[in-house]
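Text of input.txt, listed as compact mmCIF, C-alpha atoms (C1' of nucleotides):
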```
# COMPACT_ATOMS: atom_id res chain seq x y z
CA MET N 1 -1.18 -6.30 -43.16
CA PRO N 2 1.96 -7.87 -44.61
CA GLU N 3 3.26 -11.09 -43.08
CA THR N 4 6.74 -9.64 -42.69
CA ARG N 5 6.31 -7.08 -39.97
CA PRO N 6 7.40 -3.65 -41.15
CA TYR N 7 10.00 -1.72 -39.23
CA HIS N 8 7.36 0.64 -37.95
CA HIS N 9 4.58 -1.07 -36.14
CA GLY N 10 2.12 1.65 -37.01
CA ASP N 11 -0.10 1.48 -33.93
CA LEU N 12 2.27 0.32 -31.25
CA ARG N 13 1.06 2.65 -28.55
CA GLN N 14 -2.51 1.43 -28.66
CA THR N 15 -1.37 -2.17 -29.06
CA LEU N 16 0.79 -1.91 -25.96
CA LEU N 17 -1.98 -0.27 -23.99
CA ALA N 18 -4.41 -3.04 -24.85
CA ALA N 19 -1.82 -5.70 -24.08
CA ALA N 20 -1.10 -4.05 -20.76
CA VAL N 21 -4.78 -4.05 -19.85
CA ASP N 22 -5.02 -7.73 -20.72
CA ALA N 23 -1.93 -8.61 -18.72
CA ILE N 24 -3.10 -6.65 -15.69
CA ALA N 25 -6.51 -8.30 -15.84
CA GLU N 26 -4.81 -11.67 -15.87
CA SER N 27 -2.29 -11.31 -13.08
CA GLY N 28 -2.48 -7.87 -11.55
CA PRO N 29 -0.44 -4.73 -12.08
CA ALA N 30 2.37 -5.96 -9.83
CA ARG N 31 3.41 -8.70 -12.24
CA LEU N 32 3.28 -6.45 -15.31
CA SER N 33 6.46 -6.56 -17.39
CA LEU N 34 7.34 -4.14 -20.14
CA ARG N 35 9.49 -6.76 -21.84
CA GLU N 36 6.67 -9.26 -21.78
CA LEU N 37 4.39 -6.68 -23.39
CA ALA N 38 6.99 -6.03 -26.06
CA ARG N 39 7.22 -9.77 -26.72
CA ARG N 40 3.43 -10.00 -27.10
CA ALA N 41 3.42 -7.10 -29.52
CA GLY N 42 6.36 -8.53 -31.48
CA VAL N 43 8.65 -5.55 -30.97
CA SER N 44 11.99 -5.11 -29.25
CA HIS N 45 12.30 -4.91 -25.50
CA ALA N 46 12.97 -1.19 -25.43
CA ALA N 47 10.14 -0.14 -27.73
CA PRO N 48 7.60 0.50 -24.94
CA ALA N 49 9.90 2.98 -23.24
CA HIS N 50 9.83 5.19 -26.29
CA HIS N 51 6.06 5.66 -26.12
CA PHE N 52 5.58 5.80 -22.36
CA GLY N 53 8.94 6.82 -20.92
CA ASP N 54 8.94 4.20 -18.22
CA LYS N 55 6.69 1.66 -16.59
CA ALA N 56 4.91 4.29 -14.52
CA GLY N 57 4.26 6.19 -17.73
CA LEU N 58 2.50 3.20 -19.23
CA LEU N 59 0.34 2.82 -16.13
CA THR N 60 -0.36 6.55 -16.27
CA ALA N 61 -1.82 6.04 -19.72
CA VAL N 62 -3.88 3.11 -18.45
CA ALA N 63 -5.22 5.24 -15.60
CA ALA N 64 -6.09 8.12 -17.93
CA GLU N 65 -7.91 5.79 -20.30
CA GLY N 66 -9.73 4.35 -17.31
CA TYR N 67 -10.89 7.72 -16.04
CA HIS N 68 -12.19 8.59 -19.50
CA LEU N 69 -14.07 5.31 -19.72
CA LEU N 70 -15.49 5.89 -16.26
CA ALA N 71 -16.61 9.41 -17.12
CA ASP N 72 -18.32 8.10 -20.25
CA ALA N 73 -20.09 5.35 -18.32
CA LEU N 74 -21.23 7.69 -15.56
CA THR N 75 -22.60 10.37 -17.86
CA ALA N 76 -24.45 7.78 -19.91
CA ALA N 77 -26.02 6.24 -16.81
CA GLN N 78 -26.85 9.65 -15.44
CA GLN N 79 -28.77 10.64 -18.55
CA ALA N 80 -30.58 7.34 -18.80
CA GLY N 81 -31.55 6.71 -15.19
CA ASP N 82 -31.56 8.08 -11.68
CA PHE N 83 -28.77 8.48 -9.15
CA LEU N 84 -28.93 4.87 -8.10
CA ASP N 85 -28.27 3.83 -11.69
CA THR N 86 -25.17 6.00 -11.70
CA GLY N 87 -23.87 4.19 -8.66
CA VAL N 88 -24.57 0.84 -10.26
CA ALA N 89 -22.77 2.06 -13.38
CA TYR N 90 -19.74 2.80 -11.21
CA VAL N 91 -19.71 -0.80 -10.03
CA ARG N 92 -20.29 -2.11 -13.53
CA PHE N 93 -17.33 -0.11 -14.76
CA ALA N 94 -15.10 -1.58 -12.05
CA VAL N 95 -16.17 -5.13 -12.92
CA ASP N 96 -16.02 -4.70 -16.69
CA HIS N 97 -12.75 -2.76 -16.65
CA ARG N 98 -11.08 -4.36 -13.69
CA ALA N 99 -7.56 -3.65 -14.92
CA HIS N 100 -8.19 0.06 -15.42
CA PHE N 101 -9.96 0.29 -12.08
CA GLU N 102 -7.15 -1.40 -10.19
CA VAL N 103 -4.58 0.99 -11.62
CA MET N 104 -6.62 4.17 -11.27
CA TYR N 105 -6.85 3.99 -7.49
CA ARG N 106 -3.22 3.04 -6.94
CA PRO N 107 -1.39 6.33 -7.52
CA ASP N 108 1.89 4.88 -6.25
CA LEU N 109 2.04 2.91 -9.50
CA TYR N 110 1.91 5.83 -11.91
CA HIS N 111 2.45 9.59 -12.21
CA PRO N 112 -0.64 11.01 -10.49
CA ASP N 113 0.27 14.59 -11.35
CA ASP N 114 0.43 13.92 -15.07
CA GLN N 115 -1.60 16.45 -17.01
CA ALA N 116 -3.59 13.95 -19.07
CA VAL N 117 -4.59 11.78 -16.14
CA ALA N 118 -5.50 14.80 -14.02
CA ALA N 119 -7.81 16.08 -16.74
CA ALA N 120 -9.41 12.67 -17.16
CA ARG N 121 -9.86 12.35 -13.43
CA GLN N 122 -11.56 15.71 -13.34
CA ARG N 123 -13.95 14.59 -16.08
CA ALA N 124 -14.89 11.55 -14.00
CA ALA N 125 -15.28 13.61 -10.85
CA ASP N 126 -17.60 16.02 -12.62
CA ALA N 127 -19.68 13.16 -13.93
CA LEU N 128 -19.75 11.56 -10.50
CA TYR N 129 -20.83 14.65 -8.61
CA GLY N 130 -23.06 15.99 -11.34
CA GLY N 131 -26.01 13.91 -10.21
CA VAL N 132 -25.60 14.21 -6.47
CA GLY N 133 -28.08 17.01 -5.98
CA THR N 134 -30.95 15.01 -7.42
CA VAL N 135 -31.16 12.69 -4.44
CA THR N 136 -31.17 15.25 -1.63
CA ASP N 137 -32.08 18.43 -3.41
CA THR N 138 -33.99 19.81 -0.45
CA ARG N 139 -31.10 19.51 1.98
CA THR N 140 -28.33 21.89 2.87
CA ASP N 141 -25.21 22.17 0.81
CA SER N 142 -23.14 20.29 3.35
CA GLY N 143 -25.83 17.62 3.42
CA ILE N 144 -25.59 17.27 -0.33
CA ALA N 145 -21.82 17.01 -0.19
CA LEU N 146 -21.96 14.42 2.58
CA ALA N 147 -24.59 12.38 0.78
CA GLY N 148 -22.52 12.45 -2.39
CA ALA N 149 -19.40 11.39 -0.54
CA ALA N 150 -21.33 8.62 1.21
CA ALA N 151 -22.70 7.33 -2.07
CA TRP N 152 -19.29 7.39 -3.71
CA CYS N 153 -17.68 5.65 -0.74
CA LEU N 154 -20.36 2.99 -0.76
CA VAL N 155 -20.16 2.09 -4.42
CA HIS N 156 -16.38 2.36 -4.45
CA GLY N 157 -16.10 0.11 -1.41
CA PHE N 158 -18.54 -2.32 -2.94
CA ALA N 159 -16.54 -2.43 -6.16
CA THR N 160 -13.19 -3.05 -4.51
CA LEU N 161 -14.54 -5.60 -2.06
CA TRP N 162 -16.44 -7.37 -4.82
CA LEU N 163 -13.33 -7.61 -6.99
CA ASN N 164 -11.45 -9.12 -4.06
CA HIS N 165 -14.20 -11.65 -3.36
CA ALA N 166 -14.41 -10.20 0.12
CA LEU N 167 -18.18 -9.68 0.29
CA PRO N 168 -20.44 -12.34 1.79
CA ALA N 169 -21.64 -14.99 -0.63
CA GLY N 170 -25.27 -14.28 0.24
CA LEU N 171 -25.23 -11.31 -2.12
CA GLY N 172 -25.30 -13.64 -5.11
CA THR N 173 -23.20 -13.74 -8.24
CA ASP N 174 -24.53 -10.76 -10.20
CA PRO N 175 -22.54 -7.68 -9.20
CA GLU N 176 -25.06 -5.22 -10.58
CA ALA N 177 -28.01 -6.71 -8.73
CA ALA N 178 -26.01 -6.98 -5.53
CA ALA N 179 -24.75 -3.42 -5.87
CA ARG N 180 -28.28 -2.17 -6.45
CA ALA N 181 -29.53 -3.95 -3.34
CA VAL N 182 -26.70 -2.70 -1.15
CA ALA N 183 -26.85 0.85 -2.47
CA ALA N 184 -30.59 0.90 -1.90
CA VAL N 185 -29.88 0.78 1.83
CA LEU N 186 -28.30 4.21 1.54
CA PHE N 187 -30.71 5.74 -0.89
CA GLN N 188 -33.96 4.37 0.47
CA GLY N 189 -33.12 3.37 4.03
CA PRO N 190 -32.96 -0.21 5.28
CA ASP N 191 -36.75 -0.59 5.23
CA GLN N 192 -37.17 -1.67 1.64
CA PRO N 193 -34.48 -4.13 0.62
CA GLN N 194 -34.86 -4.59 -3.11
CA VAL N 195 -32.72 -7.64 -3.68
CA GLY N 196 -34.16 -9.86 -6.34
CA GLY N 197 -36.77 -7.27 -7.14
CA MET Z 1 23.67 -6.59 22.29
CA PRO Z 2 27.24 -7.13 21.11
CA GLU Z 3 28.62 -4.75 18.51
CA THR Z 4 29.73 -7.63 16.32
CA ARG Z 5 26.49 -9.06 15.07
CA PRO Z 6 26.19 -12.75 15.92
CA TYR Z 7 25.72 -15.27 13.20
CA HIS Z 8 22.13 -15.80 14.28
CA HIS Z 9 20.09 -12.65 14.30
CA GLY Z 10 17.76 -13.94 16.96
CA ASP Z 11 14.58 -12.15 15.94
CA LEU Z 12 14.98 -11.79 12.21
CA ARG Z 13 11.43 -12.71 11.28
CA GLN Z 14 9.86 -9.95 13.36
CA THR Z 15 12.56 -7.50 12.33
CA LEU Z 16 11.91 -8.17 8.65
CA LEU Z 17 8.16 -7.86 9.13
CA ALA Z 18 8.53 -4.49 10.80
CA ALA Z 19 10.97 -3.31 8.15
CA ALA Z 20 8.59 -4.44 5.42
CA VAL Z 21 5.73 -2.49 6.97
CA ASP Z 22 7.91 0.60 7.17
CA ALA Z 23 9.06 0.24 3.58
CA ILE Z 24 5.52 -0.29 2.29
CA ALA Z 25 4.29 2.72 4.21
CA GLU Z 26 7.03 4.79 2.61
CA SER Z 27 6.74 3.79 -1.02
CA GLY Z 28 4.01 1.22 -1.49
CA PRO Z 29 4.05 -2.54 -1.80
CA ALA Z 30 5.07 -2.42 -5.46
CA ARG Z 31 8.52 -1.03 -4.71
CA LEU Z 32 9.20 -3.46 -1.87
CA SER Z 33 12.52 -5.29 -2.25
CA LEU Z 34 13.57 -8.30 -0.23
CA ARG Z 35 17.21 -7.44 -0.71
CA GLU Z 36 16.63 -3.92 0.54
CA LEU Z 37 14.93 -5.34 3.64
CA ALA Z 38 17.86 -7.65 4.20
CA ARG Z 39 20.21 -4.71 3.92
CA ARG Z 40 18.20 -2.75 6.48
CA ALA Z 41 18.27 -5.68 8.87
CA GLY Z 42 21.97 -6.23 8.31
CA VAL Z 43 21.67 -9.78 7.02
CA SER Z 44 22.48 -11.45 3.74
CA HIS Z 45 20.29 -11.05 0.71
CA ALA Z 46 18.82 -14.56 0.91
CA ALA Z 47 17.97 -14.53 4.60
CA PRO Z 48 14.37 -13.32 4.12
CA ALA Z 49 13.56 -16.24 1.85
CA HIS Z 50 14.31 -18.67 4.64
CA HIS Z 51 11.62 -17.23 6.89
CA PHE Z 52 8.96 -16.40 4.32
CA GLY Z 53 9.68 -18.64 1.37
CA ASP Z 54 9.32 -15.89 -1.18
CA LYS Z 55 8.16 -12.31 -1.54
CA ALA Z 56 4.51 -13.31 -1.57
CA GLY Z 57 5.12 -15.23 1.64
CA LEU Z 58 6.38 -12.10 3.34
CA LEU Z 59 3.34 -10.15 2.21
CA THR Z 60 1.15 -13.02 3.38
CA ALA Z 61 2.57 -12.53 6.86
CA VAL Z 62 1.95 -8.78 6.60
CA ALA Z 63 -1.66 -9.42 5.59
CA ALA Z 64 -2.21 -11.89 8.42
CA GLU Z 65 -0.78 -9.46 10.95
CA GLY Z 66 -3.03 -6.78 9.51
CA TYR Z 67 -6.18 -8.87 9.82
CA HIS Z 68 -5.34 -9.62 13.45
CA LEU Z 69 -4.76 -5.95 14.19
CA LEU Z 70 -8.05 -5.10 12.46
CA ALA Z 71 -9.93 -7.74 14.44
CA ASP Z 72 -8.49 -6.37 17.67
CA ALA Z 73 -9.42 -2.79 16.78
CA LEU Z 74 -12.95 -3.73 15.75
CA THR Z 75 -13.73 -5.79 18.84
CA ALA Z 76 -12.37 -3.05 21.08
CA ALA Z 77 -14.49 -0.40 19.37
CA GLN Z 78 -17.51 -2.65 19.41
CA GLN Z 79 -17.31 -3.16 23.16
CA ALA Z 80 -16.70 0.49 23.89
CA GLY Z 81 -19.18 2.18 21.55
CA ASP Z 82 -21.97 1.67 19.09
CA PHE Z 83 -21.96 0.44 15.53
CA LEU Z 84 -20.93 3.80 14.15
CA ASP Z 85 -17.85 3.71 16.33
CA THR Z 86 -16.95 0.34 14.87
CA GLY Z 87 -17.10 1.83 11.38
CA VAL Z 88 -14.93 4.73 12.45
CA ALA Z 89 -12.49 2.24 13.98
CA TYR Z 90 -12.27 0.54 10.59
CA VAL Z 91 -11.22 3.82 9.02
CA ARG Z 92 -8.82 4.57 11.85
CA PHE Z 93 -7.18 1.20 11.35
CA ALA Z 94 -6.71 1.87 7.64
CA VAL Z 95 -5.11 5.25 8.33
CA ASP Z 96 -2.95 4.13 11.25
CA HIS Z 97 -1.85 0.89 9.59
CA ARG Z 98 -1.83 1.99 6.01
CA ALA Z 99 0.80 -0.56 4.94
CA HIS Z 100 -1.10 -3.52 6.35
CA PHE Z 101 -4.36 -2.24 4.89
CA GLU Z 102 -2.91 -1.80 1.42
CA VAL Z 103 -1.60 -5.35 1.38
CA MET Z 104 -4.66 -7.01 2.90
CA TYR Z 105 -6.97 -6.03 0.10
CA ARG Z 106 -4.58 -6.89 -2.69
CA PRO Z 107 -4.68 -10.69 -2.80
CA ASP Z 108 -2.68 -10.82 -6.02
CA LEU Z 109 0.34 -9.80 -3.95
CA TYR Z 110 0.28 -12.68 -1.49
CA HIS Z 111 -1.04 -16.22 -0.93
CA PRO Z 112 -4.71 -15.61 -0.14
CA ASP Z 113 -5.35 -19.29 0.61
CA ASP Z 114 -2.66 -19.46 3.26
CA GLN Z 115 -4.01 -20.99 6.45
CA ALA Z 116 -2.78 -18.30 8.82
CA VAL Z 117 -4.13 -15.41 6.76
CA ALA Z 118 -7.46 -17.16 6.22
CA ALA Z 119 -7.89 -17.64 9.97
CA ALA Z 120 -6.97 -14.03 10.66
CA ARG Z 121 -9.37 -12.83 7.97
CA GLN Z 122 -12.14 -14.88 9.56
CA ARG Z 123 -11.42 -13.26 12.92
CA ALA Z 124 -11.78 -9.82 11.35
CA ALA Z 125 -14.95 -10.82 9.52
CA ASP Z 126 -16.51 -12.08 12.74
CA ALA Z 127 -15.63 -8.87 14.52
CA LEU Z 128 -16.97 -6.84 11.63
CA TYR Z 129 -20.32 -8.59 11.38
CA GLY Z 130 -20.69 -9.17 15.09
CA GLY Z 131 -22.23 -5.76 15.65
CA VAL Z 132 -24.38 -5.49 12.57
CA GLY Z 133 -27.61 -6.56 14.20
CA THR Z 134 -27.58 -3.70 16.65
CA VAL Z 135 -28.39 -1.10 14.04
CA THR Z 136 -31.35 -2.75 12.32
CA ASP Z 137 -32.44 -5.32 14.85
CA THR Z 138 -36.08 -5.03 13.97
CA ARG Z 139 -35.59 -5.76 10.27
CA THR Z 140 -35.55 -8.95 8.33
CA ASP Z 141 -32.47 -11.11 8.13
CA SER Z 142 -31.79 -10.06 4.57
CA GLY Z 143 -32.23 -6.47 5.66
CA ILE Z 144 -29.64 -6.96 8.36
CA ALA Z 145 -27.21 -8.55 5.93
CA LEU Z 146 -27.70 -5.77 3.39
CA ALA Z 147 -27.28 -3.08 6.01
CA GLY Z 148 -24.09 -4.73 7.21
CA ALA Z 149 -22.73 -5.00 3.70
CA ALA Z 150 -23.66 -1.39 3.01
CA ALA Z 151 -21.90 -0.22 6.16
CA TRP Z 152 -18.79 -2.23 5.36
CA CYS Z 153 -18.74 -0.98 1.77
CA LEU Z 154 -19.10 2.60 2.93
CA VAL Z 155 -16.31 2.59 5.49
CA HIS Z 156 -14.06 0.52 3.25
CA GLY Z 157 -14.63 2.85 0.33
CA PHE Z 158 -14.04 5.84 2.55
CA ALA Z 159 -10.78 4.37 3.82
CA THR Z 160 -9.38 3.57 0.38
CA LEU Z 161 -10.46 6.87 -1.14
CA TRP Z 162 -9.11 8.79 1.83
CA LEU Z 163 -5.74 7.09 1.58
CA ASN Z 164 -5.60 8.00 -2.10
CA HIS Z 165 -6.51 11.63 -1.43
CA ALA Z 166 -9.48 11.13 -3.74
CA LEU Z 167 -12.19 12.55 -1.49
CA PRO Z 168 -13.22 16.21 -1.76
CA ALA Z 169 -11.21 18.59 0.37
CA GLY Z 170 -14.35 19.90 2.03
CA LEU Z 171 -14.36 16.93 4.36
CA GLY Z 172 -11.47 18.40 6.30
CA THR Z 173 -8.19 16.90 7.44
CA ASP Z 174 -9.29 14.64 10.29
CA PRO Z 175 -10.14 11.22 8.87
CA GLU Z 176 -12.11 10.09 11.92
CA ALA Z 177 -14.35 13.13 12.00
CA ALA Z 178 -14.90 12.98 8.25
CA ALA Z 179 -15.65 9.27 8.39
CA ARG Z 180 -18.12 9.81 11.21
CA ALA Z 181 -19.91 12.51 9.24
CA VAL Z 182 -20.08 10.47 6.06
CA ALA Z 183 -21.11 7.26 7.81
CA ALA Z 184 -23.84 9.15 9.64
CA VAL Z 185 -25.58 9.59 6.30
CA LEU Z 186 -26.09 5.84 6.16
CA PHE Z 187 -26.90 5.28 9.81
CA GLN Z 188 -29.12 8.28 10.41
CA GLY Z 189 -30.24 9.33 6.97
CA PRO Z 190 -29.20 12.52 5.22
CA ASP Z 191 -31.42 14.66 7.45
CA GLN Z 192 -28.99 15.18 10.29
CA PRO Z 193 -25.51 15.84 9.01
CA GLN Z 194 -23.22 15.82 12.01
CA VAL Z 195 -20.07 17.28 10.56
CA GLY Z 196 -18.41 19.57 13.02
CA GLY Z 197 -21.24 19.04 15.45
C1' DA C 1 31.15 -35.91 22.51
C1' DG C 2 28.35 -36.49 18.47
C1' DA C 3 24.19 -36.09 15.64
C1' DC C 4 20.79 -33.06 14.23
C1' DA C 5 17.80 -29.38 12.99
C1' DG C 6 17.25 -24.54 12.48
C1' DT C 7 19.42 -20.32 11.00
C1' DC C 8 22.04 -17.60 7.97
C1' DT C 9 25.69 -16.96 4.07
C1' DT C 10 27.68 -17.41 -0.43
C1' DG C 11 27.32 -17.98 -5.19
C1' DA C 12 24.86 -18.24 -9.24
C1' DC C 13 21.13 -17.66 -12.84
C1' DA C 14 17.39 -15.67 -15.42
C1' DC C 15 14.70 -11.75 -15.58
C1' DT C 16 13.52 -6.82 -15.34
C1' DG C 17 13.63 -1.59 -16.00
C1' DA C 18 16.34 1.89 -17.70
C1' DC C 19 19.75 4.20 -20.49
C1' DA C 20 22.72 5.24 -24.67
C1' DA C 21 23.65 4.84 -29.37
C1' DG C 22 22.45 3.50 -33.79
C1' DA C 23 19.25 1.91 -37.67
C1' DT C 24 15.02 2.64 -40.32
C1' DG C 25 11.27 4.88 -42.65
C1' DC C 26 8.20 8.91 -43.32
C1' DA C 27 7.36 13.77 -44.26
C1' DT C 28 8.66 18.11 -45.46
C1' DC C 29 11.39 21.68 -47.59
C1' DT C 30 14.46 23.48 -51.23
C1' DA A 1 14.51 14.80 -57.26
C1' DG A 2 17.53 15.11 -53.45
C1' DA A 3 18.54 16.43 -48.80
C1' DT A 4 17.15 17.30 -44.19
C1' DG A 5 14.75 16.51 -39.97
C1' DC A 6 12.20 13.73 -36.97
C1' DA A 7 9.54 10.12 -34.95
C1' DT A 8 9.89 5.28 -34.52
C1' DC A 9 12.09 1.13 -33.38
C1' DT A 10 16.44 -1.90 -32.50
C1' DT A 11 20.63 -3.39 -30.33
C1' DG A 12 23.70 -3.54 -26.59
C1' DT A 13 24.55 -2.83 -21.91
C1' DC A 14 24.17 -2.11 -16.84
C1' DA A 15 22.61 -2.39 -12.09
C1' DG A 16 19.14 -4.40 -9.39
C1' DT A 17 15.84 -8.14 -8.11
C1' DG A 18 13.74 -12.85 -6.83
C1' DT A 19 14.80 -17.42 -6.45
C1' DC A 20 17.35 -21.59 -6.04
C1' DA A 21 21.27 -24.72 -4.48
C1' DA A 22 24.97 -25.62 -1.58
C1' DG A 23 27.56 -24.71 2.32
C1' DA A 24 28.81 -22.54 7.03
C1' DC A 25 27.55 -21.62 11.69
C1' DT A 26 25.11 -22.37 16.22
C1' DG A 27 22.16 -24.15 19.85
C1' DT A 28 19.95 -28.49 21.52
C1' DC A 29 19.20 -33.09 22.56
C1' DT A 30 20.84 -37.78 23.43
```

Show me this structure written as structure tokens.
Amino acid sequence: MPETRPYHHGDLRQTLLAAAVDAIAESGPARLSLRELARRAGVSHAAPAHHFGDKAGLLTAVAAEGYHLLADALTAAQQAGDFLDTGVAYVRFAVDHRAHFEVMYRPDLYHPDDQAVAAARQRAADALYGGVGTVTDTRTDSGIALAGAAAWCLVHGFATLWLNHALPAGLGTDPEAAARAVAAVLFQGPDQPQVGG
Amino acid sequence: MPETRPYHHGDLRQTLLAAAVDAIAESGPARLSLRELARRAGVSHAAPAHHFGDKAGLLTAVAAEGYHLLADALTAAQQAGDFLDTGVAYVRFAVDHRAHFEVMYRPDLYHPDDQAVAAARQRAADALYGGVGTVTDTRTDSGIALAGAAAWCLVHGFATLWLNHALPAGLGTDPEAAARAVAAVLFQGPDQPQVGG
DNA sequence: AGACAGTCTTGACACTGACAAGATGCATCT
DNA sequence: AGATGCATCTTGTCAGTGTCAAGACTGTCT
């Protein structure tokens, strides 16, 4: 890496993506500025537009990357543990990749019909619903679908509320343990709360 | 109402709030513009700043109004029906007042420590947790808290996913019926799916 | 009538996203 | 080797935005 920056950055797209994720994690997607990103990367103010078209294009790339990361995390958890672990992995993804998560579920910020992001979203959906049948495999099809939707809603709601510090403080400070305890209400009924276990 | 607008608008604060809600419902809080609101209200471009300080101040007022509306809806549902109805009312609020809902749970857009919004949020929290005990009144305290958190997570996740068109199409087009069916999984177990019943 | 506070306007500044046109460097073909 | 084509990045520019400061207008209170 020469001290004098070459005319071509070489890996500007990835650099901008990473800088965008950092900036969003710091102050939210609303305050994101393409020019600020360019300044951080040491390029001119119009360089980002070349790689992403416009601001929504950049956030589209962030969302697509996020869906891929989520799909990876879900499939890994699904192979290693049971359905509850997959739900906890969903929450862990949201906490560990807060910036991606916040963009993914805000389609007014990007191009939701973009081909790349649609494909990535489908990957995540497949991973998410792939393990649904294991928890209620003796029920009807509609029961399976409802149980899967309920599980997704629960972990998604937990993730968003946790990120906004909206959940009661009694759940502790460890998001995974809290998510496991709350999700256990759905998967095992309210009889056996497993917090701290 | 004289045709020539008087120097003092008379009810500018409420007019701007309503216009902001409309604009957010149309194109999301990210694309909100104070100057566009001023144009809609027929006042000068700096008039909004006088009433709300800055853009975040306006969204703070939107969030506070939203929390009050949510508290009203929850208490009404709680008095009229059971706990499941309260959860459905939460979803109905999110769908009917999409703009408020989208701002409320995005604290990076406003001043979350503002006194008025904190009080309104407390009202909504009280209304939300006021009816938790009725569903698991024979359980332990921690069980009650977990069940309440699980219920809140589920309906909140359902609301956000529904608004983003992220839920499977098989749930139908009526958000209240779909929410009732999904929430029934938590309240009654997966044995008795009540969709369409 | 006069002072005063609240309401709204005017003017200005820095910043942003987007567009057009040009400069630079790499790869490929003849 | 030399020329061509193309992706990459820069420079310059424009309209639009949020925010601040200063001033104009209006109702109220003494």

Quick check, in Å to one decimal: how far apart do atom CA of Ser44 of chain N and atom C1' of DG12 of chain A lie?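 Pair atom CA of Ser44 of chain N / atom C1' of DG12 of chain A returns 12.1 Å.
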
Skipping near chain neighbours, those fewer than 6 positions away, what residues fall within 12 Å of segment 1-4 of chain A using only C-alpha atoms (C1' of nucleotides), listed as a ChimeraX atom specification? /C:27-30

Let me make sure I understand: among C:DG22, C:DA3, C:DC15, C:DC8, which one has the smallest atom-to-atom distance to chain N if we use all atoms listed in the file? C:DC15

Pull out every residue of chain N sitting within 10 Å of chain A, counting only C-alpha atoms (C1' of nucleotides), and send them as a ChimeraX atom specification. /N:7-10,12,43-48,50-51

Written selection (C-alpha atoms) as a CSV table (one decimal), keeping the file's coordinate frame:
```
chain,number,residue,atom,x,y,z
N,7,TYR,CA,10.0,-1.7,-39.2
N,8,HIS,CA,7.4,0.6,-38.0
N,9,HIS,CA,4.6,-1.1,-36.1
N,10,GLY,CA,2.1,1.6,-37.0
N,12,LEU,CA,2.3,0.3,-31.2
N,43,VAL,CA,8.6,-5.6,-31.0
N,44,SER,CA,12.0,-5.1,-29.2
N,45,HIS,CA,12.3,-4.9,-25.5
N,46,ALA,CA,13.0,-1.2,-25.4
N,47,ALA,CA,10.1,-0.1,-27.7
N,48,PRO,CA,7.6,0.5,-24.9
N,50,HIS,CA,9.8,5.2,-26.3
N,51,HIS,CA,6.1,5.7,-26.1
```

Would you please work out which residue, of Z:Ala147, Z:Val91, Z:Ala49, Z:Cys153, is nearest to chain C when using all atoms listed in the file? Z:Ala49

What is the atom CA of Thr60 of chain N-atom CA of His111 of chain N distance in Å, reported with one decimal? 5.8 Å

Calculate, to one decimal in Å, the centre and edge lengths of the box along x, y and z of the file that holds all listed atoms of segment 20-26 of chain A with 5 Å of margin on each side, and present them as lines of an AutoDock Vina configuration file.
```
center_x = 23.1
center_y = -23.6
center_z = 5.1
size_x = 21.5
size_y = 14.0
size_z = 32.3
```

Quick one: of N:Ala124, N:Val117, N:Ala99, N:Ala94, who's nearest to Phe158 of chain N, counting all atoms listed in the file? N:Ala94

Per-residue nearest contacts chain C to chain N, cut-off 9 Å, using all atoms listed in the file, as a tab-separated table:
```
residue	atom	partner	partner_atom	distance
C:DT16	C1'	N:Ser33	CA	7.4
C:DG17	C1'	N:Lys55	CA	7.7
C:DA18	C1'	N:Asp54	CA	7.8
C:DT24	C1'	N:Tyr7	CA	6.7
C:DG25	C1'	N:His8	CA	7.4
```

Could the residues of chain Z that have an atom at most 7 Å from chain N be listed as a Markdown table, each with its closest atom pair and the distance in Å to one decimal, counting all atoms listed in the file and ordered by chain and ascending residue number?
```
| residue | atom | partner | partner_atom | distance |
| --- | --- | --- | --- | --- |
| Z:Gly28 | CA | N:Asp108 | CA | 6.4 |
| Z:Ala30 | CA | N:Ala30 | CA | 6.2 |
| Z:Tyr105 | CA | N:Asn164 | CA | 6.9 |
| Z:Asp108 | CA | N:Gly28 | CA | 6.3 |
| Z:Gly143 | CA | N:Pro193 | CA | 6.0 |
| Z:Leu146 | CA | N:Val182 | CA | 5.6 |
| Z:Ala147 | CA | N:Val185 | CA | 6.3 |
| Z:Ala149 | CA | N:Val182 | CA | 6.7 |
| Z:Ala150 | CA | N:Val182 | CA | 5.3 |
| Z:Cys153 | CA | N:Gly157 | CA | 4.3 |
| Z:Leu154 | CA | N:Leu154 | CA | 3.9 |
| Z:His156 | CA | N:Gly157 | CA | 5.1 |
| Z:Gly157 | CA | N:Gly157 | CA | 3.6 |
| Z:Phe158 | CA | N:Cys153 | CA | 4.9 |
| Z:Asn164 | CA | N:Tyr105 | CA | 6.8 |
| Z:Val182 | CA | N:Ala150 | CA | 5.3 |
| Z:Ala183 | CA | N:Ala150 | CA | 6.7 |
| Z:Val185 | CA | N:Ala147 | CA | 6.3 |
| Z:Leu186 | CA | N:Leu186 | CA | 5.4 |
| Z:Pro190 | CA | N:Gly143 | CA | 6.4 |
| Z:Pro193 | CA | N:Gly143 | CA | 5.9 |
```

How far is it from atom CA of Val21 of chain N to atom CA of His100 of chain N, in Å with one decimal?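 One can read the atom CA of Val21 of chain N to atom CA of His100 of chain N distance as 6.9 Å.
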
Up to 10 Å from (-10.9, 11.2, -14.0) in the file's coordinates: name the residues, counting only C-alpha atoms (C1' of nucleotides), as a list of chain:residue names.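 The residues near that point, listed by chain and number, are N:Ala63, N:Ala64, N:Glu65, N:Gly66, N:Tyr67, N:His68, N:Leu69, N:Leu70, N:Ala71, N:Met104, N:Ala116, N:Val117, N:Ala118, N:Ala119, N:Ala120, N:Arg121, N:Gln122, N:Arg123, N:Ala124, N:Ala125, N:Asp126, N:Ala127, N:Leu128.
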